[in-house]
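Data from start_2.tsv: TSV, C-alpha atoms
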chain	number	residue	atom	x	y	z
G	1	MET	CA	39.99	1.05	17.52
G	2	ASN	CA	39.63	0.69	21.28
G	3	TYR	CA	41.20	2.70	24.08
G	4	PHE	CA	42.45	1.14	27.31
G	5	VAL	CA	43.24	3.74	29.99
G	6	GLU	CA	45.44	2.50	32.83
G	7	GLY	CA	47.42	4.20	35.58
G	8	VAL	CA	48.00	4.60	39.28
G	9	GLN	CA	45.42	6.13	41.58
G	10	GLY	CA	45.05	9.85	41.07
G	11	ALA	CA	46.77	9.87	37.66
G	12	GLY	CA	43.70	11.23	35.89
G	13	LYS	CA	42.31	8.04	34.34
G	14	SER	CA	38.68	8.98	34.92
G	15	THR	CA	39.26	12.49	33.57
G	16	LEU	CA	40.95	11.12	30.45
G	17	VAL	CA	38.15	8.59	29.93
G	18	SER	CA	35.59	11.41	30.17
G	19	ARG	CA	37.48	13.50	27.64
G	20	LEU	CA	37.86	10.59	25.24
G	21	ALA	CA	34.12	9.92	25.58
G	22	GLU	CA	33.38	13.54	24.67
G	23	HIS	CA	35.74	13.36	21.70
G	24	PHE	CA	34.37	9.99	20.53
G	25	PRO	CA	30.63	10.11	21.29
G	26	LYS	CA	29.92	6.91	19.32
G	27	TYR	CA	32.27	4.90	21.54
G	28	ARG	CA	30.97	2.84	24.44
G	29	VAL	CA	32.58	3.70	27.77
G	30	PHE	CA	33.37	1.07	30.41
G	31	ARG	CA	34.41	2.43	33.79
G	32	GLU	CA	35.55	0.42	36.76
G	33	GLY	CA	32.55	-1.28	38.30
G	34	ASP	CA	30.56	-1.31	35.07
G	35	TYR	CA	29.49	-4.55	33.46
G	36	ASN	CA	32.39	-4.99	31.09
G	37	PRO	CA	33.04	-7.56	28.33
G	38	VAL	CA	36.68	-8.07	29.34
G	39	GLU	CA	36.96	-7.28	33.04
G	40	LEU	CA	35.14	-7.89	36.31
G	41	ALA	CA	36.50	-5.28	38.72
G	42	TRP	CA	34.05	-4.33	41.44
G	43	CYS	CA	31.62	-7.00	40.26
G	44	ALA	CA	30.35	-10.00	42.19
G	45	TYR	CA	30.70	-13.25	40.18
G	46	MET	CA	28.24	-15.78	41.61
G	47	THR	CA	26.63	-19.11	41.04
G	48	GLU	CA	22.83	-19.26	40.86
G	49	ALA	CA	22.75	-20.60	44.43
G	50	GLN	CA	24.95	-17.80	45.78
G	51	TYR	CA	22.86	-15.24	43.91
G	52	GLY	CA	19.66	-16.64	45.40
G	53	GLU	CA	21.16	-16.39	48.89
G	54	VAL	CA	22.16	-12.76	48.28
G	55	LEU	CA	18.66	-11.86	47.05
G	56	ALA	CA	17.14	-13.47	50.14
G	57	ARG	CA	19.65	-11.80	52.48
G	58	TYR	CA	19.04	-8.34	51.00
G	59	GLU	CA	15.31	-8.40	50.38
G	60	SER	CA	15.02	-4.64	50.97
G	61	ILE	CA	17.17	-3.88	47.91
G	62	ARG	CA	16.29	-6.97	45.88
G	63	GLU	CA	15.01	-4.98	42.87
G	64	GLU	CA	18.19	-2.88	42.74
G	65	ILE	CA	20.31	-6.03	42.84
G	66	ILE	CA	18.28	-7.57	40.02
G	67	ALA	CA	18.56	-4.35	37.97
G	68	ASN	CA	22.36	-4.51	38.35
G	69	THR	CA	22.66	-8.19	37.45
G	70	HIS	CA	23.91	-9.69	34.20
G	71	THR	CA	23.86	-13.39	33.30
G	72	GLU	CA	26.78	-15.12	31.61
G	73	ASP	CA	26.49	-18.84	31.07
G	74	ASP	CA	25.70	-20.28	34.51
G	75	ARG	CA	26.90	-17.21	36.47
G	76	LYS	CA	25.36	-14.03	37.74
G	77	ILE	CA	27.45	-10.89	37.64
G	78	VAL	CA	26.31	-8.09	39.93
G	79	THR	CA	27.71	-4.58	39.51
G	80	TYR	CA	27.27	-4.10	43.24
G	81	THR	CA	29.24	-0.86	43.58
G	82	ARG	CA	26.61	0.77	41.34
G	83	ILE	CA	24.02	0.11	44.06
G	84	ILE	CA	23.80	3.09	46.39
G	85	THR	CA	22.56	1.84	49.72
G	86	ASP	CA	23.07	2.27	53.44
G	87	VAL	CA	22.27	-1.39	54.14
G	88	PRO	CA	24.97	-2.38	56.66
G	89	GLY	CA	27.62	-4.73	55.26
G	90	PHE	CA	26.14	-5.05	51.76
G	91	HIS	CA	29.18	-3.88	49.77
G	92	LYS	CA	31.65	-5.74	51.96
G	93	ASP	CA	29.54	-8.90	51.68
G	94	LEU	CA	29.38	-8.80	47.88
G	95	GLU	CA	33.08	-7.96	47.62
G	96	ARG	CA	33.84	-11.52	48.72
G	97	TYR	CA	32.32	-12.77	45.44
G	98	GLU	CA	34.89	-10.90	43.34
G	99	ILE	CA	37.45	-12.99	41.46
G	100	TYR	CA	40.54	-10.93	42.33
G	101	ASN	CA	43.17	-11.01	45.07
G	102	GLY	CA	43.33	-14.77	45.45
G	103	ARG	CA	39.61	-15.28	46.08
G	104	ILE	CA	39.52	-18.07	43.48
G	105	SER	CA	42.12	-20.52	42.22
G	106	ARG	CA	44.58	-19.60	39.50
G	107	ALA	CA	42.95	-22.09	37.11
G	108	GLU	CA	39.49	-20.56	37.67
G	109	PHE	CA	40.91	-17.05	37.31
G	110	GLU	CA	42.57	-17.91	33.99
G	111	GLU	CA	39.46	-19.63	32.67
G	112	ILE	CA	37.25	-16.66	33.49
G	113	ILE	CA	39.54	-13.85	32.32
G	114	LEU	CA	41.03	-15.54	29.26
G	115	GLY	CA	37.56	-16.74	28.28
G	116	ARG	CA	36.20	-13.19	28.45
G	117	TYR	CA	39.03	-11.88	26.26
G	118	ALA	CA	38.62	-14.77	23.78
G	119	ARG	CA	34.87	-14.11	23.40
G	120	TRP	CA	35.24	-10.36	23.05
G	121	SER	CA	35.59	-8.93	19.56
G	122	GLY	CA	34.44	-5.39	20.18
G	123	ASP	CA	35.37	-2.14	18.58
G	124	ARG	CA	34.82	1.51	19.46
G	125	SER	CA	35.13	1.11	23.20
G	126	ILE	CA	36.91	3.06	25.90
G	127	PHE	CA	37.97	1.01	28.93
G	128	GLU	CA	39.08	2.30	32.31
G	129	CYS	CA	41.39	-0.08	34.20
G	130	SER	CA	40.61	-3.21	32.22
G	131	VAL	CA	44.01	-4.87	31.97
G	132	PHE	CA	46.81	-3.80	34.29
G	133	GLN	CA	45.11	-2.23	37.28
G	134	ASN	CA	43.11	-5.31	38.19
G	135	ILE	CA	44.14	-8.37	36.18
G	136	VAL	CA	47.91	-7.90	36.31
G	137	GLU	CA	47.78	-6.54	39.85
G	138	THR	CA	45.98	-9.70	40.93
G	139	ASP	CA	48.80	-11.62	39.29
G	140	ARG	CA	50.98	-10.66	42.27
G	141	PHE	CA	48.73	-12.76	44.49
G	142	LEU	CA	49.08	-15.80	42.25
G	143	SER	CA	52.08	-18.11	42.35
G	144	VAL	CA	52.85	-18.04	38.61
G	145	PRO	CA	52.68	-14.91	36.43
G	146	PHE	CA	49.42	-14.64	34.48
G	147	PHE	CA	51.08	-12.82	31.60
G	148	LYS	CA	54.21	-14.60	30.42
G	149	THR	CA	57.15	-12.54	29.19
G	150	SER	CA	59.92	-13.77	26.91
Using structure tokens, write down the structure that the file contains.
Amino acid sequence: MNYFVEGVQGAGKSTLVSRLAEHFPKYRVFREGDYNPVELAWCAYMTEAQYGEVLARYESIREEIIANTHTEDDRKIVTYTRIITDVPGFHKDLERYEIYNGRISRAEFEEIILGRYARWSGDRSIFECSVFQNIVETDRFLSVPFFKTS
């Protein structure tokens, strides 16, 4: 059993996730911005070259970036919103490496997201905003609906 908590801003998603986590202490909790097996909200998705450039550009917080980096195949995924820093422009800069809101082609988007769902076979997880809030919302920026309805 897995729980997927979705809703509009201010609906109490985070509160519900916290309560579910208390009720199911053996479940793994994935909040927005966490490294997540199905979703990449608030995560930078970079090639090795892009990652190297980011590390060079932000030398003062290099270790924090590395600590918040996960490797998948030939990509680096940085949970950049988990890095608390006052370095000017850092969060805005890494936001441009996200996959949502038309930042990549529809084909790339489908390959990444559908691939993540296909590889995932987890159980006992609680997810905050891992389907509708980000993936389907991004669908509005794409020319053809991501989820087909009959």
Determine the axis-aligned bounding box of all atoms of range 99-108 of chain G present in the file, pad each side by 5 Å, and express its centre and edge lengths in Å to one decimal place as JSON.
{"center_x": 41.0, "center_y": -16.5, "center_z": 41.6, "size_x": 17.1, "size_y": 21.2, "size_z": 19.0}
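With only C-alpha atoms as the atoms that count, the residue of G:Ser130, G:Asn68, G:Ser105, G:Thr81 with the shortest distance to Glu6 in chain G is G:Ser130.
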* To do: Report the distance between CA of Asp73 in chain G and CA of Glu98 in chain G in Å, rounded to one decimal place.
  =>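 Between these atoms lies a distance of 16.9 Å.
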* Asked: Using all atoms listed in the file, which residue out of G:Pro88, G:Lys76, G:Glu108, G:Ile126 lies closest to Leu55 in chain G?
  ->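 Checking each of G:Pro88, G:Lys76, G:Glu108, G:Ile126 against Leu55 in chain G, counting all atoms listed in the file, the winner is G:Lys76.
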* Asked: Restricting the calculation to all atoms listed in the file, which member of G:Pro37, G:Gly7, G:Gly122, G:Gly89 is positioned closest to Thr71 in chain G?
  -> G:Pro37
* CA of Phe127 in chain G to CA of Ala67 in chain G, straight-line distance in Å -> 22.1 Å
* Asked: Can you tell me, as a ChimeraX atom specification, what residues are no more than 9 Å from Val5 in chain G when counting all atoms listed in the file, ignoring any on the same chain fewer than 4 positions away?
  -> /G:13-14,16-17,126-131
* Asked: Do you know which residues are at most 9 Å from Glu48 in chain G counting all atoms listed in the file, after dropping those on the same chain fewer than 5 positions away, and could you put them as an NGL selection string?
  -> :G and (53 or 74-76)
* **Point-to-point distance from CA of Lys92 in chain G to CA of Trp42 in chain G, Å rounded to tenths** =>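 These two atoms are separated by 10.9 Å.
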